[in-house]
file input-v4.cif (mmCIF, C-alpha atoms)
data_coords
#
loop_
_atom_site.label_atom_id
_atom_site.label_comp_id
_atom_site.auth_asym_id
_atom_site.auth_seq_id
_atom_site.Cartn_x
_atom_site.Cartn_y
_atom_site.Cartn_z
CA MET A 1 129.88 -46.07 -26.55
CA SER A 2 132.74 -48.37 -25.62
CA SER A 3 134.15 -45.73 -23.26
CA VAL A 4 130.77 -45.44 -21.50
CA TRP A 5 130.54 -49.22 -21.18
CA GLY A 6 134.11 -49.32 -19.88
CA LYS A 7 133.28 -46.67 -17.29
CA ILE A 8 130.26 -48.67 -16.12
CA LEU A 9 132.36 -51.83 -15.81
CA HIS A 10 134.95 -49.85 -13.84
CA ASP A 11 132.22 -48.48 -11.55
CA LEU A 12 130.91 -51.98 -10.87
CA ARG A 13 134.21 -52.86 -9.18
CA ASN A 14 133.43 -50.20 -6.58
CA PRO A 15 130.93 -51.46 -3.94
CA LEU A 16 129.41 -47.97 -3.64
CA PHE A 17 128.39 -47.92 -7.30
CA ARG A 18 127.68 -51.65 -7.56
CA GLN A 19 125.18 -51.41 -4.72
CA GLY A 20 123.78 -48.09 -5.93
CA TYR A 21 123.37 -49.26 -9.51
CA ALA A 22 121.71 -52.49 -8.33
CA LEU A 23 119.18 -50.50 -6.30
CA MET A 24 118.62 -48.11 -9.21
CA ALA A 25 118.10 -51.10 -11.52
CA ASN A 26 115.59 -52.37 -8.99
CA THR A 27 113.75 -49.04 -9.12
CA VAL A 28 113.66 -49.22 -12.94
CA VAL A 29 112.42 -52.83 -12.87
CA THR A 30 109.83 -51.96 -10.23
CA GLY A 31 108.81 -48.84 -12.14
CA VAL A 32 108.40 -50.52 -15.53
CA LEU A 33 106.52 -53.50 -14.11
CA GLY A 34 104.53 -51.17 -11.87
CA MET A 35 103.42 -49.10 -14.86
CA GLY A 36 102.46 -52.32 -16.66
CA TYR A 37 100.57 -53.51 -13.58
CA TRP A 38 98.55 -50.31 -13.18
CA LEU A 39 97.99 -50.04 -16.93
CA LEU A 40 96.43 -53.51 -16.86
CA ALA A 41 94.45 -52.61 -13.75
CA ALA A 42 93.08 -49.48 -15.46
CA ARG A 43 91.96 -51.57 -18.43
CA LEU A 44 90.59 -54.59 -16.53
CA TYR A 45 88.86 -52.96 -13.55
CA SER A 46 86.37 -50.11 -13.15
CA PRO A 47 87.68 -46.60 -12.31
CA GLU A 48 86.17 -46.91 -8.82
CA GLU A 49 87.82 -50.29 -8.17
CA PHE A 50 91.10 -48.96 -9.58
CA GLY A 51 91.04 -46.03 -7.15
CA ARG A 52 89.91 -48.26 -4.27
CA GLY A 53 92.74 -50.71 -4.93
CA GLN A 54 95.27 -47.87 -4.98
CA ALA A 55 93.90 -46.48 -1.71
CA VAL A 56 93.93 -49.81 0.16
CA ILE A 57 97.46 -50.66 -1.03
CA THR A 58 98.62 -47.18 0.01
CA ALA A 59 97.13 -47.67 3.49
CA MET A 60 98.73 -51.12 3.80
CA ARG A 61 102.14 -49.72 2.85
CA LEU A 62 101.70 -46.83 5.29
CA PHE A 63 101.13 -49.06 8.32
CA ALA A 64 103.67 -51.69 7.29
CA SER A 65 106.28 -48.98 6.82
CA LEU A 66 105.72 -47.20 10.14
CA THR A 67 108.60 -49.17 11.65
CA ALA A 68 109.98 -51.10 8.67
CA LEU A 69 111.26 -48.02 6.84
CA GLY A 70 112.23 -46.53 10.18
CA PHE A 71 114.80 -49.33 10.44
CA VAL A 72 116.28 -48.76 6.96
CA GLY A 73 118.89 -46.31 8.24
CA ALA A 74 119.79 -48.42 11.28
CA LEU A 75 120.14 -51.67 9.32
CA ALA A 76 122.16 -49.98 6.57
CA ARG A 77 124.37 -48.43 9.27
CA PHE A 78 124.91 -51.42 11.58
CA LEU A 79 124.49 -54.64 9.54
CA PRO A 80 127.86 -54.13 7.79
CA VAL A 81 129.61 -54.22 11.18
CA ALA A 82 127.25 -56.51 13.15
CA GLY A 83 129.50 -59.58 12.87
CA ARG A 84 128.13 -62.55 14.78
CA ARG A 85 125.05 -60.56 15.77
CA THR A 86 123.94 -60.08 12.16
CA PRO A 87 121.08 -62.64 12.21
CA GLU A 88 119.88 -61.34 15.57
CA LEU A 89 119.80 -57.75 14.30
CA ALA A 90 117.93 -58.69 11.12
CA LEU A 91 115.34 -60.79 12.96
CA ARG A 92 114.78 -58.10 15.59
CA GLY A 93 114.13 -55.65 12.77
CA TYR A 94 111.60 -58.02 11.20
CA GLY A 95 109.82 -58.68 14.48
CA LEU A 96 109.56 -55.08 15.62
CA ALA A 97 108.44 -53.86 12.18
CA ALA A 98 105.71 -56.51 11.92
CA ALA A 99 104.50 -55.99 15.50
CA THR A 100 104.21 -52.21 15.41
CA GLY A 101 102.77 -52.23 11.89
CA GLY A 102 100.17 -54.75 13.02
CA VAL A 103 99.17 -52.65 16.03
CA ALA A 104 98.82 -49.54 13.85
CA ALA A 105 96.75 -51.46 11.28
CA LEU A 106 94.50 -52.82 14.03
CA GLY A 107 93.89 -49.28 15.28
CA PHE A 108 93.03 -48.24 11.72
CA LEU A 109 90.52 -51.10 11.35
CA LEU A 110 88.88 -50.31 14.68
CA THR A 111 88.36 -46.69 13.60
CA LEU A 112 87.46 -47.46 9.98
CA PRO A 113 84.33 -45.22 9.83
CA MET A 114 86.58 -42.20 10.45
CA TRP A 115 88.59 -42.84 7.28
CA GLY A 116 85.89 -42.23 4.69
CA LYS A 117 83.88 -44.24 2.20
CA THR A 118 86.87 -45.46 0.19
CA TYR A 119 88.07 -47.71 3.01
CA SER A 120 84.65 -49.18 3.85
CA VAL A 121 85.62 -52.17 1.70
CA LEU A 122 87.77 -53.34 4.64
CA SER A 123 84.84 -53.56 7.05
CA GLY A 124 84.02 -57.05 8.26
CA PHE A 125 86.12 -59.73 9.97
CA TRP A 126 87.65 -61.49 6.95
CA PRO A 127 88.54 -58.38 4.89
CA GLY A 128 90.01 -56.83 8.03
CA LEU A 129 92.01 -59.98 8.86
CA PHE A 130 93.37 -60.16 5.31
CA PHE A 131 94.41 -56.49 5.48
CA LEU A 132 96.10 -57.05 8.85
CA ALA A 133 98.03 -60.05 7.50
CA SER A 134 99.06 -58.04 4.45
CA VAL A 135 100.59 -55.37 6.68
CA LEU A 136 102.71 -57.97 8.50
CA VAL A 137 103.84 -59.49 5.19
CA TRP A 138 104.72 -56.13 3.63
CA ALA A 139 106.75 -55.08 6.70
CA VAL A 140 109.06 -58.08 6.29
CA PHE A 141 109.08 -57.75 2.48
CA THR A 142 110.27 -54.14 2.84
CA LEU A 143 113.13 -55.00 5.20
CA GLN A 144 114.46 -58.06 3.38
CA ASP A 145 115.76 -55.82 0.58
CA VAL A 146 117.43 -53.59 3.16
CA VAL A 147 119.10 -56.60 4.80
CA LEU A 148 120.51 -57.71 1.44
CA THR A 149 121.76 -54.18 0.79
CA GLY A 150 123.35 -53.86 4.23
CA LEU A 151 125.22 -57.12 3.60
CA ARG A 152 126.47 -55.89 0.19
CA ARG A 153 124.17 -58.22 -1.73
CA ALA A 154 121.91 -55.61 -3.34
CA THR A 155 122.40 -57.33 -6.71
CA PHE A 156 119.79 -59.90 -5.62
CA VAL A 157 117.16 -57.18 -5.02
CA PRO A 158 116.18 -56.40 -8.65
CA LEU A 159 115.93 -60.13 -9.45
CA ASN A 160 113.57 -60.65 -6.52
CA ASN A 161 111.36 -57.75 -7.55
CA LEU A 162 111.41 -58.78 -11.22
CA VAL A 163 109.90 -62.16 -10.35
CA PHE A 164 107.52 -60.55 -7.86
CA GLY A 165 106.31 -58.01 -10.43
CA ILE A 166 105.69 -60.60 -13.16
CA VAL A 167 103.75 -62.92 -10.84
CA LYS A 168 101.75 -59.96 -9.53
CA MET A 169 100.73 -58.92 -13.06
CA GLY A 170 99.74 -62.47 -13.99
CA LEU A 171 97.55 -62.80 -10.90
CA LEU A 172 95.97 -59.39 -11.59
CA VAL A 173 94.81 -60.61 -15.00
CA ALA A 174 93.65 -63.97 -13.63
CA LEU A 175 91.51 -62.32 -10.94
CA ALA A 176 89.90 -59.69 -13.18
CA GLY A 177 86.95 -61.95 -13.99
CA ALA A 178 86.91 -64.07 -10.84
CA LEU A 179 87.28 -61.22 -8.34
CA PRO A 180 86.30 -57.88 -9.95
CA SER A 181 85.96 -56.30 -6.49
CA GLY A 182 89.16 -56.69 -4.45
CA GLY A 183 91.19 -58.41 -7.16
CA ILE A 184 93.78 -55.62 -7.29
CA PHE A 185 94.61 -55.84 -3.60
CA VAL A 186 94.64 -59.66 -3.54
CA SER A 187 96.91 -59.82 -6.60
CA TRP A 188 99.36 -57.50 -4.80
CA VAL A 189 99.47 -59.33 -1.48
CA ILE A 190 99.65 -63.02 -2.45
CA PRO A 191 102.90 -62.77 -4.50
CA THR A 192 104.40 -60.65 -1.71
CA ALA A 193 103.79 -63.42 0.83
CA LEU A 194 105.19 -66.09 -1.50
CA ALA A 195 108.35 -64.03 -2.14
CA LEU A 196 109.28 -64.08 1.56
CA ILE A 197 110.15 -67.78 1.53
CA PRO A 198 112.99 -68.02 -1.04
CA VAL A 199 114.47 -64.60 -0.28
CA ASN A 200 114.76 -65.18 3.47
CA TRP A 201 116.16 -68.65 2.88
CA LEU A 202 118.86 -66.96 0.77
CA ILE A 203 119.49 -64.36 3.49
CA PHE A 204 119.72 -66.62 6.54
CA ALA A 205 121.09 -69.80 4.93
CA VAL A 206 123.64 -68.27 2.55
CA VAL A 207 124.32 -64.53 2.82
CA VAL A 208 124.38 -64.09 6.61
CA PRO A 209 126.67 -67.09 7.32
CA ARG A 210 129.15 -65.85 4.71
CA HIS A 211 129.06 -62.34 6.13
CA VAL A 212 129.69 -63.63 9.67
CA GLU A 213 132.51 -65.84 8.43
CA LYS A 214 134.25 -62.87 6.79
CA SER A 215 133.82 -60.64 9.84
CA ASP A 216 136.81 -59.75 11.94
CA ALA A 217 136.53 -61.97 15.04
CA ALA A 218 138.28 -59.31 17.12
CA GLN A 219 135.79 -56.64 16.11
CA GLU A 220 133.16 -55.92 18.74
CA PRO A 221 129.63 -55.91 17.24
CA PRO A 222 127.51 -52.82 17.95
CA ARG A 223 125.71 -52.98 21.28
CA LEU A 224 121.96 -52.69 21.51
CA ARG A 225 122.42 -49.46 23.47
CA GLU A 226 124.43 -47.95 20.61
CA ILE A 227 121.80 -48.99 18.07
CA GLY A 228 119.09 -47.67 20.39
CA ARG A 229 120.77 -44.26 20.63
CA PHE A 230 120.99 -44.11 16.85
CA LEU A 231 117.33 -45.10 16.44
CA ALA A 232 116.27 -42.51 19.03
CA GLY A 233 117.44 -39.85 16.62
CA ASP A 234 116.91 -41.49 13.24
CA PHE A 235 113.55 -43.18 13.80
CA PRO A 236 111.44 -40.08 14.62
CA GLY A 237 112.93 -38.32 11.62
CA THR A 238 112.34 -41.28 9.31
CA LEU A 239 108.80 -41.61 10.63
CA SER A 240 108.29 -37.97 9.69
CA ILE A 241 109.53 -38.59 6.15
CA LEU A 242 107.08 -41.50 5.91
CA GLY A 243 104.36 -38.94 6.46
CA ILE A 244 105.38 -37.39 3.13
CA VAL A 245 105.57 -40.69 1.24
CA TYR A 246 102.52 -42.53 2.59
CA LEU A 247 100.39 -40.36 4.86
CA VAL A 248 99.89 -37.57 2.30
CA PRO A 249 98.25 -39.94 -0.25
CA VAL A 250 96.06 -41.46 2.47
CA VAL A 251 94.92 -37.96 3.50
CA VAL A 252 94.21 -37.12 -0.16
CA ALA A 253 92.15 -40.33 -0.42
CA THR A 254 89.90 -39.10 2.37
CA GLN A 255 89.30 -35.78 0.57
CA VAL A 256 88.55 -36.86 -3.01
CA GLY A 257 86.52 -39.52 -4.79
CA GLU A 258 87.88 -42.95 -5.69
CA ALA A 259 88.28 -42.24 -9.41
CA THR A 260 90.04 -38.91 -8.75
CA PHE A 261 92.37 -40.56 -6.25
CA GLY A 262 93.26 -43.23 -8.79
CA ARG A 263 94.37 -40.54 -11.27
CA PHE A 264 96.26 -38.62 -8.56
CA SER A 265 97.93 -41.80 -7.33
CA MET A 266 99.29 -42.72 -10.76
CA ALA A 267 101.10 -39.40 -11.17
CA HIS A 268 102.28 -39.55 -7.55
CA THR A 269 103.60 -43.11 -8.00
CA LEU A 270 105.55 -42.26 -11.15
CA ALA A 271 107.19 -39.21 -9.56
CA SER A 272 108.00 -41.19 -6.40
CA MET A 273 109.90 -43.72 -8.52
CA ILE A 274 112.16 -40.97 -9.82
CA GLU A 275 112.75 -39.86 -6.24
CA LEU A 276 113.68 -43.43 -5.32
CA LEU A 277 116.54 -43.32 -7.82
CA ALA A 278 118.10 -40.50 -5.81
CA MET A 279 117.56 -42.37 -2.55
CA ASN A 280 119.10 -45.62 -3.87
CA MET A 281 122.60 -44.20 -4.20
CA ALA A 282 122.20 -42.58 -0.77
CA VAL A 283 121.42 -45.94 0.89
CA SER A 284 124.51 -47.44 -0.70
CA LEU A 285 126.49 -44.46 0.63
CA THR A 286 125.36 -45.24 4.20
CA VAL A 287 126.46 -48.87 3.86
CA GLU A 288 129.88 -48.00 2.41
CA GLY A 289 130.33 -45.18 4.91
CA SER A 290 129.82 -47.71 7.70
CA PHE A 291 132.36 -50.11 6.19
CA ASP A 292 134.97 -47.38 5.76
CA ARG A 293 134.50 -43.87 7.16
CA ALA A 294 137.88 -42.74 5.86
CA LYS A 295 136.39 -42.58 2.35
CA LEU A 296 133.14 -40.88 3.33
CA ALA A 297 133.89 -37.50 1.71
CA GLU A 298 135.12 -39.13 -1.50
CA ASN A 299 132.11 -41.44 -1.65
CA CYS A 300 129.73 -38.52 -1.03
CA ARG A 301 131.19 -36.65 -3.98
CA ARG A 302 130.96 -39.74 -6.17
CA ALA A 303 127.38 -40.44 -5.09
CA LEU A 304 126.31 -36.86 -5.86
CA ARG A 305 127.89 -36.88 -9.31
CA ARG A 306 126.37 -40.22 -10.28
CA ALA A 307 122.96 -39.42 -8.82
CA PHE A 308 122.69 -36.11 -10.70
CA MET A 309 124.05 -37.70 -13.88
CA ILE A 310 121.33 -40.36 -13.80
CA VAL A 311 118.27 -38.48 -12.50
CA THR A 312 118.66 -35.17 -14.38
CA PRO A 313 117.83 -36.52 -17.86
CA ILE A 314 115.00 -38.63 -16.39
CA ILE A 315 113.54 -35.54 -14.71
CA ALA A 316 113.80 -33.61 -17.98
CA VAL A 317 111.93 -36.35 -19.84
CA ALA A 318 109.26 -36.54 -17.11
CA ILE A 319 108.68 -32.77 -17.21
CA LEU A 320 108.55 -32.52 -21.01
CA ALA A 321 106.62 -35.72 -21.68
CA ALA A 322 104.34 -35.81 -18.63
CA PRO A 323 101.08 -35.53 -20.66
CA LEU A 324 102.17 -38.27 -23.07
CA ILE A 325 103.29 -40.58 -20.26
CA LEU A 326 100.01 -40.23 -18.38
CA THR A 327 97.87 -40.48 -21.52
CA VAL A 328 98.92 -44.14 -21.69
CA PHE A 329 96.59 -44.70 -18.74
CA GLY A 330 93.84 -42.50 -20.19
CA SER A 331 93.15 -38.87 -21.12
CA ALA A 332 91.70 -38.15 -17.67
CA PHE A 333 95.01 -39.20 -16.05
CA ALA A 334 96.89 -36.67 -18.20
CA ALA A 335 94.36 -33.90 -17.56
CA GLU A 336 94.50 -34.25 -13.77
CA GLY A 337 98.06 -35.50 -13.19
CA THR A 338 100.40 -33.62 -15.54
CA THR A 339 101.12 -30.65 -13.25
CA LEU A 340 101.60 -32.91 -10.22
CA LEU A 341 104.06 -35.18 -12.06
CA ARG A 342 106.06 -32.18 -13.27
CA LEU A 343 106.26 -30.52 -9.85
CA MET A 344 107.21 -33.73 -8.02
CA SER A 345 109.82 -34.60 -10.66
CA LEU A 346 111.44 -31.16 -10.36
CA ALA A 347 111.53 -31.55 -6.57
CA VAL A 348 113.84 -34.57 -6.94
CA LEU A 349 116.80 -32.28 -7.79
CA PRO A 350 117.06 -30.70 -4.31
CA ARG A 351 116.11 -34.10 -2.82
CA VAL A 352 119.39 -35.56 -4.15
CA LEU A 353 121.35 -33.11 -2.00
CA ILE A 354 119.17 -33.83 1.04
CA GLU A 355 119.45 -37.63 0.71
CA VAL A 356 123.24 -37.62 0.33
CA TYR A 357 123.51 -35.36 3.37
CA LEU A 358 121.23 -37.62 5.44
CA SER A 359 123.19 -40.73 4.43
CA ALA A 360 126.46 -39.09 5.43
CA LEU A 361 124.93 -38.23 8.81
CA ARG A 362 123.83 -41.86 9.27
CA ALA A 363 127.31 -43.13 8.47
CA GLN A 364 128.64 -40.74 11.12
CA SER A 365 125.85 -41.71 13.59
CA ARG A 366 124.83 -38.05 13.97
CA ALA A 367 121.30 -38.98 15.01
CA ARG A 368 120.21 -35.63 16.46
CA THR A 369 120.96 -33.70 13.27
CA LEU A 370 119.27 -36.48 11.28
CA ALA A 371 116.07 -36.06 13.25
CA THR A 372 116.12 -32.26 12.97
CA VAL A 373 116.45 -32.25 9.17
CA GLN A 374 113.92 -35.02 8.55
CA ILE A 375 111.27 -33.71 10.95
CA GLY A 376 111.72 -30.19 9.62
CA LEU A 377 111.26 -31.34 6.04
CA ALA A 378 108.17 -33.39 6.88
CA VAL A 379 106.52 -30.53 8.78
CA LEU A 380 107.17 -28.15 5.88
CA VAL A 381 105.69 -30.56 3.32
CA LEU A 382 102.62 -31.47 5.35
CA VAL A 383 101.80 -27.89 6.40
CA SER A 384 102.31 -26.43 2.92
CA THR A 385 100.21 -29.21 1.36
CA VAL A 386 97.33 -28.69 3.78
CA VAL A 387 97.45 -24.89 3.34
CA LEU A 388 97.53 -25.10 -0.47
CA PHE A 389 95.00 -27.94 -0.92
CA PRO A 390 91.86 -25.72 -0.93
CA TYR A 391 93.41 -23.63 -3.73
CA ALA A 392 95.41 -26.15 -5.79
CA GLY A 393 93.65 -29.46 -5.13
CA VAL A 394 95.87 -32.53 -5.54
CA ASN A 395 98.58 -30.34 -7.13
CA ALA A 396 99.15 -28.93 -3.64
CA VAL A 397 101.22 -32.06 -2.95
CA GLY A 398 103.61 -31.10 -5.76
CA TYR A 399 103.86 -27.44 -4.80
CA GLY A 400 104.42 -28.39 -1.16
CA LEU A 401 107.19 -30.85 -2.00
CA LEU A 402 109.02 -28.49 -4.36
CA PHE A 403 108.93 -25.51 -1.97
CA SER A 404 109.90 -27.57 1.10
CA GLU A 405 112.75 -29.52 -0.48
CA LEU A 406 114.24 -26.42 -2.10
CA LEU A 407 114.20 -24.62 1.25
CA VAL A 408 115.76 -27.53 3.17
CA ALA A 409 118.41 -28.04 0.46
CA VAL A 410 119.43 -24.38 0.82
CA LEU A 411 119.58 -24.65 4.62
CA ILE A 412 121.75 -27.81 4.69
CA PHE A 413 124.01 -26.85 1.79
CA GLY A 414 126.73 -25.29 3.96
CA ASN A 415 127.05 -28.37 6.17
CA LEU A 416 126.97 -30.68 3.16
CA ARG A 417 129.88 -28.75 1.62
CA LYS A 418 131.92 -29.33 4.78
CA ILE A 419 131.28 -33.08 4.56
CA LEU A 420 132.17 -33.14 0.87
CA LYS A 421 135.38 -31.22 1.49
CA PHE A 422 136.63 -32.57 4.80
CA GLY A 423 134.82 -35.84 5.40
CA GLU A 424 135.16 -37.59 8.75
CA THR A 425 137.32 -35.41 10.97
CA ARG A 426 137.70 -38.03 13.67
CA THR A 427 140.05 -41.02 13.46
CA PRO A 428 138.87 -43.19 10.56
CA VAL A 429 137.33 -46.49 11.52
CA VAL A 430 138.45 -49.37 9.29
CA THR A 431 136.05 -52.27 9.45
CA GLN A 432 135.73 -55.60 7.71
CA GLY A 433 135.35 -55.26 4.00
CA SER A 434 137.10 -51.89 3.74
CA SER A 435 140.00 -51.31 1.41
CA GLY A 436 142.17 -50.40 4.35
CA ALA A 437 141.69 -53.67 6.16
CA ALA A 438 144.76 -55.78 6.64
#
call {"tool": "encode", "arguments": {"input": "input-v4.cif", "output": "C-alpha cells"}}
result
Amino acid sequence: MSSVWGKILHDLRNPLFRQGYALMANTVVTGVLGMGYWLLAARLYSPEEFGRGQAVITAMRLFASLTALGFVGALARFLPVAGRRTPELALRGYGLAAATGGVAALGFLLTLPMWGKTYSVLSGFWPGLFFLASVLVWAVFTLQDVVLTGLRRATFVPLNNLVFGIVKMGLLVALAGALPSGGIFVSWVIPTALALIPVNWLIFAVVVPRHVEKSDAAQEPPRLREIGRFLAGDFPGTLSILGIVYLVPVVVATQVGEATFGRFSMAHTLASMIELLAMNMAVSLTVEGSFDRAKLAENCRRALRRAFMIVTPIIAVAILAAPLILTVFGSAFAAEGTTLLRLMSLAVLPRVLIEVYLSALRAQSRARTLATVQIGLAVLVLVSTVVLFPYAGVNAVGYGLLFSELLVAVLIFGNLRKILKFGETRTPVVTQGSSGAA
C-alpha cells in the first residue's frame, strides 16, 4: 500500500499526471454527485418530469457545446504558449461559444414543434428565454474548466464542481414541492450561473496574470491565423464528435416516451462518465505536448498506461455489476439500461487509444488528420445507430459505439505506434514551463 501511495506522490510531481489525475478526480466527483442528483430526482419527481428534465438538460448542453467543446482542443493547445495574449484568447473563446450556442438555441426554439412532445415544455416567451440564457451560461461554464486546465491549474476544477454539485442537489430538493414541473432544470441552471462569478475571478485576477508573468517575454504568442488554421481542422471534427455525445440522446428523445428516455439517459450518463476518464488524461497530454513537444512520445506512452490502468477495472465493474448499479434508480432502469451500459462501457477500451492519438495530433497541430479521424468516427456511430435502432431500440447506441470505436482504433493503430515509438520528428519546441527551458 505504501508503494502505491509513493507512486501516486511521485506521479503528482509530473504535470502530465497531476493534471490528468485532477481531471479524473473531477469526473469521479461529478459522477458520484451526479448519481446522487439523479437518484434524488427519480425519488422526488414523477417519471415523466424526470425524463423531461433529462431531455431539456441534454438539449441545453448540446447547443451550449456546439462551439464551447469545439474550442477545447484549441485552448488546450494554445493557452500554454499564449503569453500576453492569454486573457484575449480565453475571452474570445467565451464570446464565440456563447454567441454561436445562443444562435443555435434560438433556431431550436423557433422550430420547437418539430422536436416532439417532450420539448413542448419550452414553448412560451419566458420558458424559452430561460432556456436561451441557460445555453449561454453553460457555454462559459464548460470552457472555464478548459482554461484552468490549459494554464496548468486543473486542480481547481474538481473543487469547483464539488461545490456546484452539492448546491445543485440542495436546490433540487428545495424545489421538489415548490416547482414540481421544471424544478429539475431550474436546479441545474441556477448553481451553474452562480459558479461563473468566483471561478472567473480566480482565472482572470489570479491565474492568468501569474501565467503571463512566467511567460518568456521573447516568445511570440500564437497568431490568430495560426489558431484559425488549427480550428479549421479541429473544429469540424470536434463538432462531429459532439454529435455522438449530445445529438444522439436528443434524437433518441424524439423517438421514445419521456419515461423511457429517462431510463435510457441514466445508463447513457453513467457510461459517458467512464469515457470521460479516458478523455481526461488525453486533454492533459495535449497541454503538456504543447509545453514540450520533445517529450510527446514519452508522455503518450505514460498516458496510455495510466489510462488503461485506471479505466480497465472500472469497466469490468460496470459490465459485471450493471444491473445492480441501475437498480439503485429502480427496477425499470436495470431492465431497460443494463445492455446499453455494458456495451458503452466496453467501447471505452478502444476509445482510450483514439483519444490519446487525437491529443497527440493536437499537440502536433495536425489539424487535417484530426478532422478525418473525428468525422469518420462520428459518421460511423450515427449511421450504425440509425440503422440498428429499429431492431435494437435504445441499445443501438451501445452497439453503434462499440462497433465504430473498435473499427477506428484498428485503423489508427499503425500511426499511433509511430507516435509512441518516434514522437515528434521535427526539431523539438521548448516553451515556457518545459523541463528543457533555461
call {"tool": "residues_around", "arguments": {"input": "input-v4.cif", "residues": "Gly400 (chain A)", "least_positions_apart": "4", "cutoff": "12 Å", "atoms": "all atoms listed in the file", "output": "JSON, numbers by chain"}}
result
{"A": [244, 248, 340, 343, 344, 346, 347, 377, 378, 379, 380, 381, 382, 383, 384, 385, 386, 387, 388, 389, 392, 393, 394, 395, 396, 404, 405, 406, 407]}
call {"tool": "residues_around", "arguments": {"input": "input-v4.cif", "residues": "Val29 (chain A)", "least_positions_apart": "5", "cutoff": "9 Å", "atoms": "all atoms listed in the file", "output": "VMD selection string"}}
result
chain A and resid 24 34 158 to 159 161 to 162 165
call {"tool": "closest_atom_pairs", "arguments": {"input": "input-v4.cif", "of": "region 189-282 of chain A", "to": "region 82-97 of chain A", "cutoff": "7 Å", "atoms": "only C-alpha atoms", "output": "Markdown table"}}
result
| residue | atom | partner | partner_atom | distance |
| --- | --- | --- | --- | --- |
| A:Val208 | CA | A:Pro87 | CA | 6.7 |
| A:Val212 | CA | A:Gly83 | CA | 5.2 |
| A:Ser215 | CA | A:Gly83 | CA | 5.4 |
| A:Pro221 | CA | A:Ala82 | CA | 4.8 |
| A:Pro222 | CA | A:Ala82 | CA | 6.1 |
call {"tool": "resolve_selection", "arguments": {"input": "input-v4.cif", "expression": "the PyMOL selection byres ((chain A and resi 150) around 7)", "output": "VMD selection string"}}
result
chain A and resid 75 to 76 79 to 80 146 to 149 151 to 152 287
call {"tool": "resolve_selection", "arguments": {"input": "input-v4.cif", "expression": "the PyMOL selection byres ((chain A and resi 175-190) around 12)", "output": "ChimeraX atom specification"}}
result
/A:34,37-61,119,121-122,127,130-139,141,164-174,191-196
call {"tool": "residues_around", "arguments": {"input": "input-v4.cif", "residues": "Gly228 (chain A)", "least_positions_apart": "2", "cutoff": "12 Å", "atoms": "all atoms listed in the file", "output": "PyMOL selection string"}}
result
chain A and resi 71+74-75+78+89+222-226+230-235+365+367
call {"tool": "atom_distance", "arguments": {"input": "input-v4.cif", "atom1": "CA of Gly414 (chain A)", "atom2": "CA of Arg306 (chain A)"}}
result
20.6 Å
call {"tool": "atom_distance", "arguments": {"input": "input-v4.cif", "atom1": "CA of Thr339 (chain A)", "atom2": "CA of Val410 (chain A)"}}
result
23.9 Å
call {"tool": "atom_distance", "arguments": {"input": "input-v4.cif", "atom1": "CA of Gly31 (chain A)", "atom2": "CA of Val207 (chain A)"}}
result
26.7 Å
call {"tool": "closest_residue", "arguments": {"input": "input-v4.cif", "among": "A:Ser331, A:Gln364, A:Ala371, A:Lys117", "to": "Ala253 (chain A)", "atoms": "all atoms listed in the file"}}
result
A:Lys117
call {"tool": "closest_residue", "arguments": {"input": "input-v4.cif", "among": "A:Leu277, A:Ala316, A:Leu33, A:Ile310", "to": "Val163 (chain A)", "atoms": "all atoms listed in the file"}}
result
A:Leu33
call {"tool": "closest_residue", "arguments": {"input": "input-v4.cif", "among": "A:Lys421, A:Arg305, A:Arg77, A:Arg229", "to": "Ser359 (chain A)", "atoms": "all atoms listed in the file"}}
result
A:Arg77
call {"tool": "residues_around", "arguments": {"input": "input-v4.cif", "residues": "Met273 (chain A)", "least_positions_apart": "3", "cutoff": "9 Å", "atoms": "all atoms listed in the file", "output": "VMD selection string"}}
result
chain A and resid 27 to 28 30 to 31 268 to 270 276 to 277
